[in-house]
4 protein chains.
Amino acid sequence: MPKIVDHDERRRSLIEATWRVIAREGIASATTRGIAREAGCSSGVLAHYFADKAELMASAMLAAHAEVHARLDPGLTGLASVRQYMLECLPLDARRRFLAVVEVSFWGQAVGNPRLVELYADEVQGFRSRIRTRLEHAAERGELRPDVDVEAVVHELHVLNDGLSLQAALSPHRAPAEQQTALVDAVLDRIRRAGP
Amino acid sequence: MPKIVDHDERRRSLIEATWRVIAREGIASATTRGIAREAGCSSGVLAHYFADKAELMASAMLAAHAEVHARLDPGLTGLASVRQYMLECLPLDARRRFLAVVEVSFWGQAVGNPRLVELYADEVQGFRSRIRTRLEHAAERGELRPDVDVEAVVHELHVLNDGLSLQAALSPHRAPAEQQTALVDAVLDRIRRAGP
Amino acid sequence: MPKIVDHDERRRSLIEATWRVIAREGIASATTRGIAREAGCSSGVLAHYFADKAELMASAMLAAHAEVHARLDPGLTGLASVRQYMLECLPLDARRRFLAVVEVSFWGQAVGNPRLVELYADEVQGFRSRIRTRLEHAAERGELRPDVDVEAVVHELHVLNDGLSLQAALSPHRAPAEQQTALVDAVLDRIRRAGP
Amino acid sequence: MPKIVDHDERRRSLIEATWRVIAREGIASATTRGIAREAGCSSGVLAHYFADKAELMASAMLAAHAEVHARLDPGLTGLASVRQYMLECLPLDARRRFLAVVEVSFWGQAVGNPRLVELYADEVQGFRSRIRTRLEHAAERGELRPDVDVEAVVHELHVLNDGLSLQAALSPHRAPAEQQTALVDAVLDRIRRAGP
DNA sequence: CATGAATGAGTGTTCATTCAT
DNA sequence: TATGAATGAACACTCATTCAT
């Protein structure tokens, strides 16, 4: 009987080691050796769980996104769910600032790397779809002012999210949580139909 | 008798070659040899103009920023100059989309690189100062609504600029010039004192 | 209670897997993992049947030779048995062309590898002994012309065998079976005493 | 002005170092590091002269062949030139036994390596063409018995050459020069038209 | 006996940097 | 100044081998 190993957990621990190395030393210094050392195993072990470094890196990017989306409250609807989703994605606490650092590190890797650009584009599309669906739902429920251009709002929130991720990564003292929340709420207030 | 060379022009051509290589192949693939080849010179020549690769890269980042700020019309004042400055910084045409790609490439390099973070922070501070000064000038002239928080607007424009740069780099088909301009104008409209 | 396994049969199946991998991918690409996969078992199983890769490889070479010599008709004597033996050794059909490919692959491994050279030398000595014994028997029976130098004929047949093995391995379209047979028969005709 | 280097000579010295390492340690142990050490330079220098190891190895094979063919006397014609060419190709002295060892090492590498097979096939074709042309010339001059099948003789000499190369590589004590020469002469005697 | 996860030395290759010319 | 050959450390990756299960 072979050694019992939880394959997914092992991948997960390697991906988290990758995140830590990227955040601490930069993606340019994230070597397979360093990642293995950070994960507390030998360098050869990476080959068991990832075809090569590119697959490890791509998985690390996807996993960072997945973690952000993992904890949505399915009970919310309409504009409240738009707000909740945005607040989940923003770097509001230490953990998500950490993930924002990882995220920003991948942006520069994607330039000139069609495979990563494509992967990233799919992720962006997913992000925007989730926002859009929630906004459309809010519109159906009459929560939005009638002149709101949903696509423009999707775009504005997307730009807001990326800009705040960068600030969290490179200017961590700026953009405290309240300021981020205020920017989101300002957008939502502008599109919300005036109450009775 | 040494060859007559314009030292600054040579540095400039190496920096532009660096930009092109970064934009085309990605910053991870931007080697000194590749940059020298792109510039049409031998690899050793870099040593004459830059202490090492780190200095070349830092110079390339600063030069990209400098180009953006180079063509401001000093005649404008108040809110009009805020608008003009933002429109200069945004990736509205092919040249500035190209520079945005370069810019985004540097963000990921800065993570985990204190020297580059510091340099980048200075640049950001400069950008924000120029916005802030213009906004304060507009306030003094009574162009702003009295309840406007200048610092919050600086922050909002800064986030907007970074988010749009990323979109230009990784989703070039999104965010056409008009949409970018509209986002800036929306911010300015919100803070502008209602006219007579 | 240990699983019942035919030890020799298992070794045999691993050796045949080794042959297939060598013939298909080249000896430089014949890894223990690849051989285990080809044999349909895990990589660790090799350790139960072979001390290490060198022993597996040496066994594979010896087994390839053994297969060629396995099917000699003991009823033949004299020159006829020389001819039969040569025709058994030559790459006359697909199976023996396959074994010739394996054989040629080992030649290059033996260079600079004293252990393998020695093993190979023993095999060559066996091959030549069998030819020599048969020729001497033919001489005793008066089948050879009186001026024949048996050792020189052994050498000529040996050279012929190796040269044809190489052609089978690297130029499979050349040297069809009839041509190979003709070359052997030409040698035998030259040494055969003129009939009555 | 750059360091003055004879590019071809440098390639040559690296190829000769490759030959020595292959002959001494075997092609499986011929690493780029070992070759560089044998050549007395750093490992990185190989990249200046060969795209990769495969190109180095292919060049080493071609160069070994080229050396053999380099010293033909253009004055000879007919059967005498066939003999001379064969005697140039055979491993008759220490230098050519050395090259034969290199040659044999490549045979096993070619198996399962289409690129190398193709390269080798071209070399074989060249060898056979040179033999064939000389034989046809001899036939035109009436030096051959009228029933000689030129293609069969080409084949026989080819097989002879390869078989003797292998013996020189793996059984260096066998096949002294006189015996090799005798085998060639036996073939030539059989095809030579009886003199007046 | 068999598994396959783990090891870690070794490989081919890349690359920033140095320096004789 | 400029060249490009040379260096050698560092890289991602491979692989024979070991061993807990």
# chains A, B, ... in the order shown; residues from 1 in each chain; ligands from 1
call {"tool": "closest_atom_pairs", "arguments": {"of": "chain C", "to": "chain D", "cutoff": "6 Å", "atoms": "only C-alpha atoms", "output": "JSON lines"}}
result
{"residue": "C:Arg24", "atom": "CA", "partner": "D:Gly112", "partner_atom": "CA", "distance": 5.5}
{"residue": "C:Glu25", "atom": "CA", "partner": "D:Gly112", "partner_atom": "CA", "distance": 4.4}
{"residue": "C:Gly26", "atom": "CA", "partner": "D:Gly112", "partner_atom": "CA", "distance": 4.2}
{"residue": "C:Val104", "atom": "CA", "partner": "D:Gly108", "partner_atom": "CA", "distance": 5.7}
{"residue": "C:Ser105", "atom": "CA", "partner": "D:Gly108", "partner_atom": "CA", "distance": 3.9}
{"residue": "C:Gly108", "atom": "CA", "partner": "D:Ser105", "partner_atom": "CA", "distance": 3.9}
{"residue": "C:Val111", "atom": "CA", "partner": "D:Gly26", "partner_atom": "CA", "distance": 5.0}
{"residue": "C:Gly112", "atom": "CA", "partner": "D:Gly26", "partner_atom": "CA", "distance": 4.3}
{"residue": "C:Val159", "atom": "CA", "partner": "D:Gly163", "partner_atom": "CA", "distance": 4.5}
{"residue": "C:Asp162", "atom": "CA", "partner": "D:Gly163", "partner_atom": "CA", "distance": 5.1}
{"residue": "C:Gly163", "atom": "CA", "partner": "D:Gly163", "partner_atom": "CA", "distance": 4.2}
call {"tool": "write_last_selection", "arguments": {"atoms": "C-alpha atoms", "output": "tab-separated table (two decimals), in the first residue's frame"}}
result
chain	number	residue	atom	x	y	z
C	24	ARG	CA	10.81	3.11	-29.79
C	25	GLU	CA	12.39	6.04	-27.99
C	26	GLY	CA	16.11	5.35	-27.99
C	104	VAL	CA	22.91	-1.57	-31.74
C	105	SER	CA	21.65	0.61	-28.91
C	108	GLY	CA	27.21	2.81	-27.82
C	111	VAL	CA	31.91	2.41	-25.02
C	112	GLY	CA	33.59	3.78	-21.92
C	159	VAL	CA	31.93	-8.69	-39.23
C	162	ASP	CA	27.47	-6.85	-37.04
C	163	GLY	CA	27.40	-4.81	-40.21
call {"tool": "calpha_fit_and_write", "arguments": {"fixed": "chain D", "moving": "chain A", "output": "mmCIF file with C-alpha atoms, in the first residue's frame"}}
result
data_model
loop_
_atom_site.group_PDB
_atom_site.id
_atom_site.type_symbol
_atom_site.label_atom_id
_atom_site.label_comp_id
_atom_site.auth_asym_id
_atom_site.auth_seq_id
_atom_site.Cartn_x
_atom_site.Cartn_y
_atom_site.Cartn_z
ATOM 1 C CA MET A 1 37.754 46.052 -30.880
ATOM 2 C CA PRO A 2 36.571 42.715 -29.590
ATOM 3 C CA LYS A 3 38.666 39.820 -28.525
ATOM 4 C CA ILE A 4 39.976 38.097 -31.603
ATOM 5 C CA VAL A 5 38.772 34.550 -31.861
ATOM 6 C CA ASP A 6 38.896 32.058 -34.654
ATOM 7 C CA HIS A 7 35.334 30.901 -34.555
ATOM 8 C CA ASP A 8 35.866 27.763 -36.596
ATOM 9 C CA GLU A 9 38.927 26.753 -34.650
ATOM 10 C CA ARG A 10 37.024 27.169 -31.412
ATOM 11 C CA ARG A 11 34.202 24.976 -32.669
ATOM 12 C CA ARG A 12 36.758 22.482 -33.785
ATOM 13 C CA SER A 13 38.428 22.337 -30.389
ATOM 14 C CA LEU A 14 35.050 21.817 -28.699
ATOM 15 C CA ILE A 15 34.220 19.037 -31.120
ATOM 16 C CA GLU A 16 37.523 17.321 -30.457
ATOM 17 C CA ALA A 17 36.929 17.621 -26.723
ATOM 18 C CA THR A 18 33.549 16.016 -27.325
ATOM 19 C CA TRP A 19 35.199 13.134 -29.175
ATOM 20 C CA ARG A 20 37.665 12.585 -26.364
ATOM 21 C CA VAL A 21 34.997 12.563 -23.688
ATOM 22 C CA ILE A 22 32.808 10.185 -25.693
ATOM 23 C CA ALA A 23 35.701 7.820 -26.324
ATOM 24 C CA ARG A 24 36.890 7.898 -22.740
ATOM 25 C CA GLU A 25 33.688 7.948 -20.713
ATOM 26 C CA GLY A 26 30.971 6.920 -23.137
ATOM 27 C CA ILE A 27 28.344 8.973 -24.846
ATOM 28 C CA ALA A 28 25.917 8.517 -21.964
ATOM 29 C CA SER A 29 28.398 10.264 -19.689
ATOM 30 C CA ALA A 30 29.307 12.991 -22.137
ATOM 31 C CA THR A 31 27.814 15.995 -20.369
ATOM 32 C CA THR A 32 28.165 19.570 -21.507
ATOM 33 C CA ARG A 33 30.035 20.341 -18.304
ATOM 34 C CA GLY A 34 32.457 17.499 -18.884
ATOM 35 C CA ILE A 35 33.028 18.517 -22.471
ATOM 36 C CA ALA A 36 33.687 22.117 -21.442
ATOM 37 C CA ARG A 37 36.110 20.932 -18.784
ATOM 38 C CA GLU A 38 37.870 18.730 -21.322
ATOM 39 C CA ALA A 39 38.115 21.696 -23.675
ATOM 40 C CA GLY A 40 39.498 23.819 -20.876
ATOM 41 C CA CYS A 41 36.723 26.381 -20.795
ATOM 42 C CA SER A 42 33.583 27.171 -18.874
ATOM 43 C CA SER A 43 30.289 25.504 -19.549
ATOM 44 C CA GLY A 44 28.646 28.630 -20.878
ATOM 45 C CA VAL A 45 31.050 28.852 -23.779
ATOM 46 C CA LEU A 46 29.285 26.010 -25.566
ATOM 47 C CA ALA A 47 26.313 28.294 -26.064
ATOM 48 C CA HIS A 48 28.448 30.633 -28.141
ATOM 49 C CA TYR A 49 29.335 27.969 -30.654
ATOM 50 C CA PHE A 50 26.454 25.512 -30.664
ATOM 51 C CA ALA A 51 22.765 26.156 -30.286
ATOM 52 C CA ASP A 52 22.413 23.255 -27.903
ATOM 53 C CA LYS A 53 23.829 19.874 -27.071
ATOM 54 C CA ALA A 54 22.048 18.184 -29.953
ATOM 55 C CA GLU A 55 23.753 20.495 -32.421
ATOM 56 C CA LEU A 56 27.116 19.893 -30.778
ATOM 57 C CA MET A 57 26.628 16.157 -30.998
ATOM 58 C CA ALA A 58 25.446 16.226 -34.582
ATOM 59 C CA SER A 59 28.409 18.427 -35.508
ATOM 60 C CA ALA A 60 30.732 16.044 -33.733
ATOM 61 C CA MET A 61 29.400 13.144 -35.773
ATOM 62 C CA LEU A 62 29.683 15.006 -39.064
ATOM 63 C CA ALA A 63 33.177 16.229 -38.237
ATOM 64 C CA ALA A 64 34.325 12.694 -37.498
ATOM 65 C CA HIS A 65 33.131 11.622 -40.921
ATOM 66 C CA ALA A 66 34.660 14.660 -42.561
ATOM 67 C CA GLU A 67 38.056 13.942 -41.091
ATOM 68 C CA VAL A 68 38.035 10.464 -42.564
ATOM 69 C CA HIS A 69 37.235 11.727 -46.030
ATOM 70 C CA ALA A 70 39.570 14.668 -45.910
ATOM 71 C CA ARG A 71 42.744 13.064 -47.118
ATOM 72 C CA LEU A 72 41.861 11.254 -50.290
ATOM 73 C CA ASP A 73 44.408 11.249 -53.071
ATOM 74 C CA PRO A 74 42.573 12.666 -56.098
ATOM 75 C CA GLY A 75 45.154 11.158 -58.450
ATOM 76 C CA LEU A 76 43.867 7.620 -58.183
ATOM 77 C CA THR A 77 41.210 6.184 -60.418
ATOM 78 C CA GLY A 78 39.318 2.968 -60.943
ATOM 79 C CA LEU A 79 39.630 0.029 -58.582
ATOM 80 C CA ALA A 80 42.738 1.509 -57.012
ATOM 81 C CA SER A 81 40.681 4.481 -55.837
ATOM 82 C CA VAL A 82 38.012 2.166 -54.414
ATOM 83 C CA ARG A 83 40.692 0.450 -52.426
ATOM 84 C CA GLN A 84 42.212 3.714 -51.297
ATOM 85 C CA TYR A 85 38.862 5.083 -50.206
ATOM 86 C CA MET A 86 38.008 1.971 -48.206
ATOM 87 C CA LEU A 87 41.398 2.001 -46.548
ATOM 88 C CA GLU A 88 40.891 5.621 -45.574
ATOM 89 C CA CYS A 89 37.576 4.819 -43.960
ATOM 90 C CA LEU A 90 38.652 1.757 -42.032
ATOM 91 C CA PRO A 91 40.010 1.966 -38.470
ATOM 92 C CA LEU A 92 43.520 1.075 -39.502
ATOM 93 C CA ASP A 93 45.482 3.230 -37.095
ATOM 94 C CA ALA A 94 45.039 4.681 -33.612
ATOM 95 C CA ARG A 95 43.485 7.899 -34.852
ATOM 96 C CA ARG A 96 40.866 6.167 -36.935
ATOM 97 C CA ARG A 97 40.160 3.609 -34.230
ATOM 98 C CA PHE A 98 39.490 6.575 -32.008
ATOM 99 C CA LEU A 99 37.086 8.002 -34.584
ATOM 100 C CA ALA A 100 35.462 4.590 -34.936
ATOM 101 C CA VAL A 101 34.725 4.595 -31.217
ATOM 102 C CA VAL A 102 33.021 7.962 -31.644
ATOM 103 C CA GLU A 103 31.118 6.687 -34.664
ATOM 104 C CA VAL A 104 29.815 3.600 -32.888
ATOM 105 C CA SER A 105 28.705 5.763 -29.973
ATOM 106 C CA PHE A 106 26.440 7.715 -32.293
ATOM 107 C CA TRP A 107 24.728 4.696 -33.767
ATOM 108 C CA GLY A 108 22.911 3.980 -30.533
ATOM 109 C CA GLN A 109 21.972 7.639 -30.116
ATOM 110 C CA ALA A 110 20.381 7.674 -33.538
ATOM 111 C CA VAL A 111 17.920 4.923 -32.658
ATOM 112 C CA GLY A 112 14.640 6.612 -31.764
ATOM 113 C CA ASN A 113 16.012 9.988 -32.833
ATOM 114 C CA PRO A 114 14.608 10.816 -36.280
ATOM 115 C CA ARG A 115 16.734 13.938 -36.672
ATOM 116 C CA LEU A 116 19.946 11.992 -36.127
ATOM 117 C CA VAL A 117 18.754 9.083 -38.246
ATOM 118 C CA GLU A 118 18.182 11.464 -41.128
ATOM 119 C CA LEU A 119 21.575 13.079 -40.694
ATOM 120 C CA TYR A 120 23.216 9.688 -40.517
ATOM 121 C CA ALA A 121 21.331 8.472 -43.580
ATOM 122 C CA ASP A 122 22.715 11.399 -45.565
ATOM 123 C CA GLU A 123 26.209 10.497 -44.483
ATOM 124 C CA VAL A 124 25.729 6.864 -45.428
ATOM 125 C CA GLN A 125 24.372 7.890 -48.788
ATOM 126 C CA GLY A 126 27.488 10.000 -49.352
ATOM 127 C CA PHE A 127 29.742 7.108 -48.403
ATOM 128 C CA ARG A 128 27.967 4.745 -50.702
ATOM 129 C CA SER A 129 27.891 7.245 -53.556
ATOM 130 C CA ARG A 130 31.617 7.687 -53.378
ATOM 131 C CA ILE A 131 32.144 3.940 -53.481
ATOM 132 C CA ARG A 132 29.616 3.494 -56.257
ATOM 133 C CA THR A 133 31.064 6.227 -58.434
ATOM 134 C CA ARG A 134 34.504 4.746 -58.140
ATOM 135 C CA LEU A 135 33.247 1.277 -58.959
ATOM 136 C CA GLU A 136 31.314 2.514 -61.965
ATOM 137 C CA HIS A 137 34.411 4.253 -63.157
ATOM 138 C CA ALA A 138 36.344 1.032 -62.763
ATOM 139 C CA ALA A 139 33.652 -0.784 -64.747
ATOM 140 C CA GLU A 140 33.859 1.756 -67.550
ATOM 141 C CA ARG A 141 37.567 1.186 -67.682
ATOM 142 C CA GLY A 142 37.009 -2.534 -67.966
ATOM 143 C CA GLU A 143 38.591 -3.340 -64.614
ATOM 144 C CA LEU A 144 35.628 -5.345 -63.380
ATOM 145 C CA ARG A 145 34.455 -8.762 -64.346
ATOM 146 C CA PRO A 146 31.425 -8.347 -66.568
ATOM 147 C CA ASP A 147 29.049 -10.165 -64.211
ATOM 148 C CA VAL A 148 29.704 -7.897 -61.222
ATOM 149 C CA ASP A 149 26.649 -6.304 -59.610
ATOM 150 C CA VAL A 150 28.000 -2.904 -58.586
ATOM 151 C CA GLU A 151 25.234 -2.221 -56.096
ATOM 152 C CA ALA A 152 25.850 -5.531 -54.353
ATOM 153 C CA VAL A 153 29.531 -4.700 -54.037
ATOM 154 C CA VAL A 154 28.711 -1.262 -52.634
ATOM 155 C CA HIS A 155 26.576 -3.002 -50.080
ATOM 156 C CA GLU A 156 29.214 -5.554 -49.211
ATOM 157 C CA LEU A 157 31.874 -2.907 -48.706
ATOM 158 C CA HIS A 158 29.482 -0.818 -46.622
ATOM 159 C CA VAL A 159 28.661 -3.731 -44.367
ATOM 160 C CA LEU A 160 32.347 -4.534 -44.101
ATOM 161 C CA ASN A 161 33.189 -0.983 -43.083
ATOM 162 C CA ASP A 162 30.551 -0.829 -40.347
ATOM 163 C CA GLY A 163 31.364 -4.253 -38.974
ATOM 164 C CA LEU A 164 35.044 -3.413 -38.745
ATOM 165 C CA SER A 165 34.293 -0.070 -37.075
ATOM 166 C CA LEU A 166 32.372 -1.882 -34.382
ATOM 167 C CA GLN A 167 35.199 -4.327 -33.823
ATOM 168 C CA ALA A 168 37.658 -1.491 -33.525
ATOM 169 C CA ALA A 169 35.420 0.141 -30.938
ATOM 170 C CA LEU A 170 34.532 -2.835 -28.784
ATOM 171 C CA SER A 171 37.206 -5.433 -29.547
ATOM 172 C CA PRO A 172 40.252 -3.285 -30.273
ATOM 173 C CA HIS A 173 42.663 -6.219 -30.028
ATOM 174 C CA ARG A 174 40.876 -7.991 -32.848
ATOM 175 C CA ALA A 175 40.966 -7.015 -36.488
ATOM 176 C CA PRO A 176 44.492 -5.734 -36.917
ATOM 177 C CA ALA A 177 45.139 -3.552 -39.914
ATOM 178 C CA GLU A 178 46.395 -6.398 -42.121
ATOM 179 C CA GLN A 179 43.251 -8.408 -41.538
ATOM 180 C CA GLN A 180 41.074 -5.466 -42.427
ATOM 181 C CA THR A 181 43.066 -4.819 -45.558
ATOM 182 C CA ALA A 182 42.880 -8.484 -46.476
ATOM 183 C CA LEU A 183 39.097 -8.461 -46.269
ATOM 184 C CA VAL A 184 38.900 -5.475 -48.591
ATOM 185 C CA ASP A 185 41.362 -6.993 -51.016
ATOM 186 C CA ALA A 186 39.463 -10.246 -51.030
ATOM 187 C CA VAL A 187 36.368 -8.407 -52.193
ATOM 188 C CA LEU A 188 38.319 -6.498 -54.825
ATOM 189 C CA ASP A 189 40.057 -9.622 -56.088
ATOM 190 C CA ARG A 190 36.764 -11.319 -56.552
ATOM 191 C CA ILE A 191 35.386 -8.557 -58.765
ATOM 192 C CA ARG A 192 38.546 -7.785 -60.676
ATOM 193 C CA ARG A 193 38.669 -9.005 -64.242
ATOM 194 C CA ALA A 194 41.317 -11.617 -64.679
ATOM 195 C CA GLY A 195 44.493 -9.990 -65.990
ATOM 196 C CA PRO A 196 46.207 -10.882 -69.267
#
call {"tool": "interface_residues", "arguments": {"of": "chain E", "to": "chain C", "cutoff": "10 Å", "atoms": "only C-alpha atoms (C1' of nucleotides)", "output": "PyMOL selection string"}}
result
chain E and resi 1-4
call {"tool": "interface_residues", "arguments": {"of": "chain F", "to": "chain D", "cutoff": "10 Å", "atoms": "only C-alpha atoms (C1' of nucleotides)", "output": "list in words"}}
result
DT1, DA2, DT3, DG4, DA5, DA6, DT7 and DG8 of chain F
call {"tool": "write_last_selection", "arguments": {"atoms": "C-alpha atoms (C1' of nucleotides)", "output": "PDB file, in the first residue's frame"}}
result
ATOM      1  C1'  DT F   1      33.786  53.915 -26.613  1.00  0.00           C
ATOM      2  C1'  DA F   2      32.428  49.566 -28.404  1.00  0.00           C
ATOM      3  C1'  DT F   3      32.801  44.730 -29.063  1.00  0.00           C
ATOM      4  C1'  DG F   4      31.479  40.057 -28.168  1.00  0.00           C
ATOM      5  C1'  DA F   5      33.890  36.168 -26.048  1.00  0.00           C
ATOM      6  C1'  DA F   6      34.036  34.320 -21.690  1.00  0.00           C
ATOM      7  C1'  DT F   7      32.542  33.369 -17.095  1.00  0.00           C
ATOM      8  C1'  DG F   8      30.052  30.790 -13.648  1.00  0.00           C
TER       9       DG F   8
END
call {"tool": "select_by_dssp", "arguments": {"residues": "segment 30-117 of chain A", "states": "helix (DSSP H, G or I)", "output": "PDB file with C-alpha atoms, in the first residue's frame"}}
result
ATOM      1  CA  THR A  32      11.001  26.431  -7.839  1.00  0.00           C
ATOM      2  CA  ARG A  33      13.731  25.731  -5.308  1.00  0.00           C
ATOM      3  CA  GLY A  34      12.617  28.606  -3.122  1.00  0.00           C
ATOM      4  CA  ILE A  35       9.000  27.554  -3.319  1.00  0.00           C
ATOM      5  CA  ALA A  36       9.893  23.978  -2.386  1.00  0.00           C
ATOM      6  CA  ARG A  37      11.955  25.236   0.531  1.00  0.00           C
ATOM      7  CA  GLU A  38       9.077  27.436   1.660  1.00  0.00           C
ATOM      8  CA  ALA A  39       6.752  24.446   1.447  1.00  0.00           C
ATOM      9  CA  SER A  43      12.504  20.558  -5.230  1.00  0.00           C
ATOM     10  CA  GLY A  44      11.587  17.389  -7.062  1.00  0.00           C
ATOM     11  CA  VAL A  45       8.238  17.171  -5.338  1.00  0.00           C
ATOM     12  CA  LEU A  46       6.850  19.961  -7.500  1.00  0.00           C
ATOM     13  CA  ALA A  47       7.026  17.623 -10.465  1.00  0.00           C
ATOM     14  CA  HIS A  48       4.556  15.294  -8.786  1.00  0.00           C
ATOM     15  CA  TYR A  49       1.889  17.941  -8.513  1.00  0.00           C
ATOM     16  CA  LYS A  53       6.509  25.987 -13.268  1.00  0.00           C
ATOM     17  CA  ALA A  54       4.065  27.611 -15.661  1.00  0.00           C
ATOM     18  CA  GLU A  55       1.307  25.298 -14.485  1.00  0.00           C
ATOM     19  CA  LEU A  56       2.179  25.977 -10.859  1.00  0.00           C
ATOM     20  CA  MET A  57       2.038  29.702 -11.454  1.00  0.00           C
ATOM     21  CA  ALA A  58      -1.204  29.568 -13.380  1.00  0.00           C
ATOM     22  CA  SER A  59      -2.731  27.406 -10.646  1.00  0.00           C
ATOM     23  CA  ALA A  60      -1.519  29.850  -8.040  1.00  0.00           C
ATOM     24  CA  MET A  61      -3.248  32.702  -9.836  1.00  0.00           C
ATOM     25  CA  LEU A  62      -6.506  30.804 -10.235  1.00  0.00           C
ATOM     26  CA  ALA A  63      -6.444  29.650  -6.623  1.00  0.00           C
ATOM     27  CA  ALA A  64      -6.000  33.213  -5.409  1.00  0.00           C
ATOM     28  CA  HIS A  65      -9.093  34.222  -7.334  1.00  0.00           C
ATOM     29  CA  ALA A  66     -11.000  31.190  -6.138  1.00  0.00           C
ATOM     30  CA  GLU A  67     -10.304  31.983  -2.519  1.00  0.00           C
ATOM     31  CA  VAL A  68     -11.767  35.441  -2.924  1.00  0.00           C
ATOM     32  CA  HIS A  69     -14.968  34.123  -4.429  1.00  0.00           C
ATOM     33  CA  GLY A  78     -30.051  42.731  -5.782  1.00  0.00           C
ATOM     34  CA  LEU A  79     -27.838  45.704  -5.023  1.00  0.00           C
ATOM     35  CA  ALA A  80     -26.965  44.295  -1.623  1.00  0.00           C
ATOM     36  CA  SER A  81     -25.347  41.304  -3.320  1.00  0.00           C
ATOM     37  CA  VAL A  82     -23.402  43.592  -5.663  1.00  0.00           C
ATOM     38  CA  ARG A  83     -22.054  45.376  -2.649  1.00  0.00           C
ATOM     39  CA  GLN A  84     -21.252  42.152  -0.860  1.00  0.00           C
ATOM     40  CA  TYR A  85     -19.452  40.741  -3.869  1.00  0.00           C
ATOM     41  CA  MET A  86     -17.340  43.863  -4.329  1.00  0.00           C
ATOM     42  CA  LEU A  87     -16.454  43.910  -0.662  1.00  0.00           C
ATOM     43  CA  GLU A  88     -15.364  40.294  -0.877  1.00  0.00           C
ATOM     44  CA  CYS A  89     -13.078  41.060  -3.781  1.00  0.00           C
ATOM     45  CA  ALA A  94      -4.589  41.450   5.737  1.00  0.00           C
ATOM     46  CA  ARG A  95      -5.437  38.192   4.014  1.00  0.00           C
ATOM     47  CA  ARG A  96      -6.919  39.854   0.974  1.00  0.00           C
ATOM     48  CA  ARG A  97      -4.147  42.433   0.821  1.00  0.00           C
ATOM     49  CA  PHE A  98      -1.808  39.484   0.703  1.00  0.00           C
ATOM     50  CA  LEU A  99      -3.791  37.985  -2.174  1.00  0.00           C
ATOM     51  CA  ALA A 100      -3.812  41.365  -3.900  1.00  0.00           C
ATOM     52  CA  VAL A 101      -0.022  41.393  -3.816  1.00  0.00           C
ATOM     53  CA  VAL A 102      -0.043  37.993  -5.508  1.00  0.00           C
ATOM     54  CA  GLU A 103      -2.591  39.200  -8.042  1.00  0.00           C
ATOM     55  CA  VAL A 104      -0.601  42.286  -8.988  1.00  0.00           C
ATOM     56  CA  SER A 105       2.503  40.140  -9.401  1.00  0.00           C
ATOM     57  CA  PHE A 106       0.744  38.122 -12.077  1.00  0.00           C
ATOM     58  CA  TRP A 107      -0.350  41.094 -14.124  1.00  0.00           C
ATOM     59  CA  GLY A 108       3.194  41.819 -15.213  1.00  0.00           C
ATOM     60  CA  GLN A 109       3.834  38.150 -15.971  1.00  0.00           C
ATOM     61  CA  ALA A 110       0.838  38.047 -18.262  1.00  0.00           C
ATOM     62  CA  PRO A 114      -0.565  34.776 -24.430  1.00  0.00           C
ATOM     63  CA  ARG A 115      -1.381  31.685 -22.380  1.00  0.00           C
ATOM     64  CA  LEU A 116      -1.560  33.690 -19.163  1.00  0.00           C
ATOM     65  CA  VAL A 117      -3.396  36.553 -20.840  1.00  0.00           C
TER      66      VAL A 117
END
call {"tool": "atom_distance", "arguments": {"atom1": "atom C1' of DT7 of chain E", "atom2": "atom C1' of DA20 of chain F"}}
result
13.4 Å
call {"tool": "decode", "arguments": {"residues": "segment 11-31 of chain D", "atoms": "C-alpha atoms", "output": "short mmCIF file (atom, residue, chain, number, x, y, z; two decimals), in the first residue's frame"}}
result
data_model
loop_
_atom_site.label_atom_id
_atom_site.label_comp_id
_atom_site.auth_asym_id
_atom_site.auth_seq_id
_atom_site.Cartn_x
_atom_site.Cartn_y
_atom_site.Cartn_z
CA ARG D 11 34.21 24.97 -32.67
CA ARG D 12 36.78 22.45 -33.78
CA SER D 13 38.42 22.30 -30.37
CA LEU D 14 35.05 21.81 -28.69
CA ILE D 15 34.22 19.02 -31.10
CA GLU D 16 37.52 17.31 -30.43
CA ALA D 17 36.93 17.60 -26.71
CA THR D 18 33.53 16.01 -27.30
CA TRP D 19 35.18 13.15 -29.16
CA ARG D 20 37.65 12.56 -26.35
CA VAL D 21 34.99 12.56 -23.66
CA ILE D 22 32.78 10.19 -25.66
CA ALA D 23 35.68 7.82 -26.31
CA ARG D 24 36.88 7.89 -22.72
CA GLU D 25 33.67 7.95 -20.69
CA GLY D 26 30.96 6.92 -23.11
CA ILE D 27 28.33 9.01 -24.82
CA ALA D 28 25.90 8.55 -21.93
CA SER D 29 28.38 10.30 -19.66
CA ALA D 30 29.29 13.02 -22.10
CA THR D 31 27.81 16.03 -20.34
#
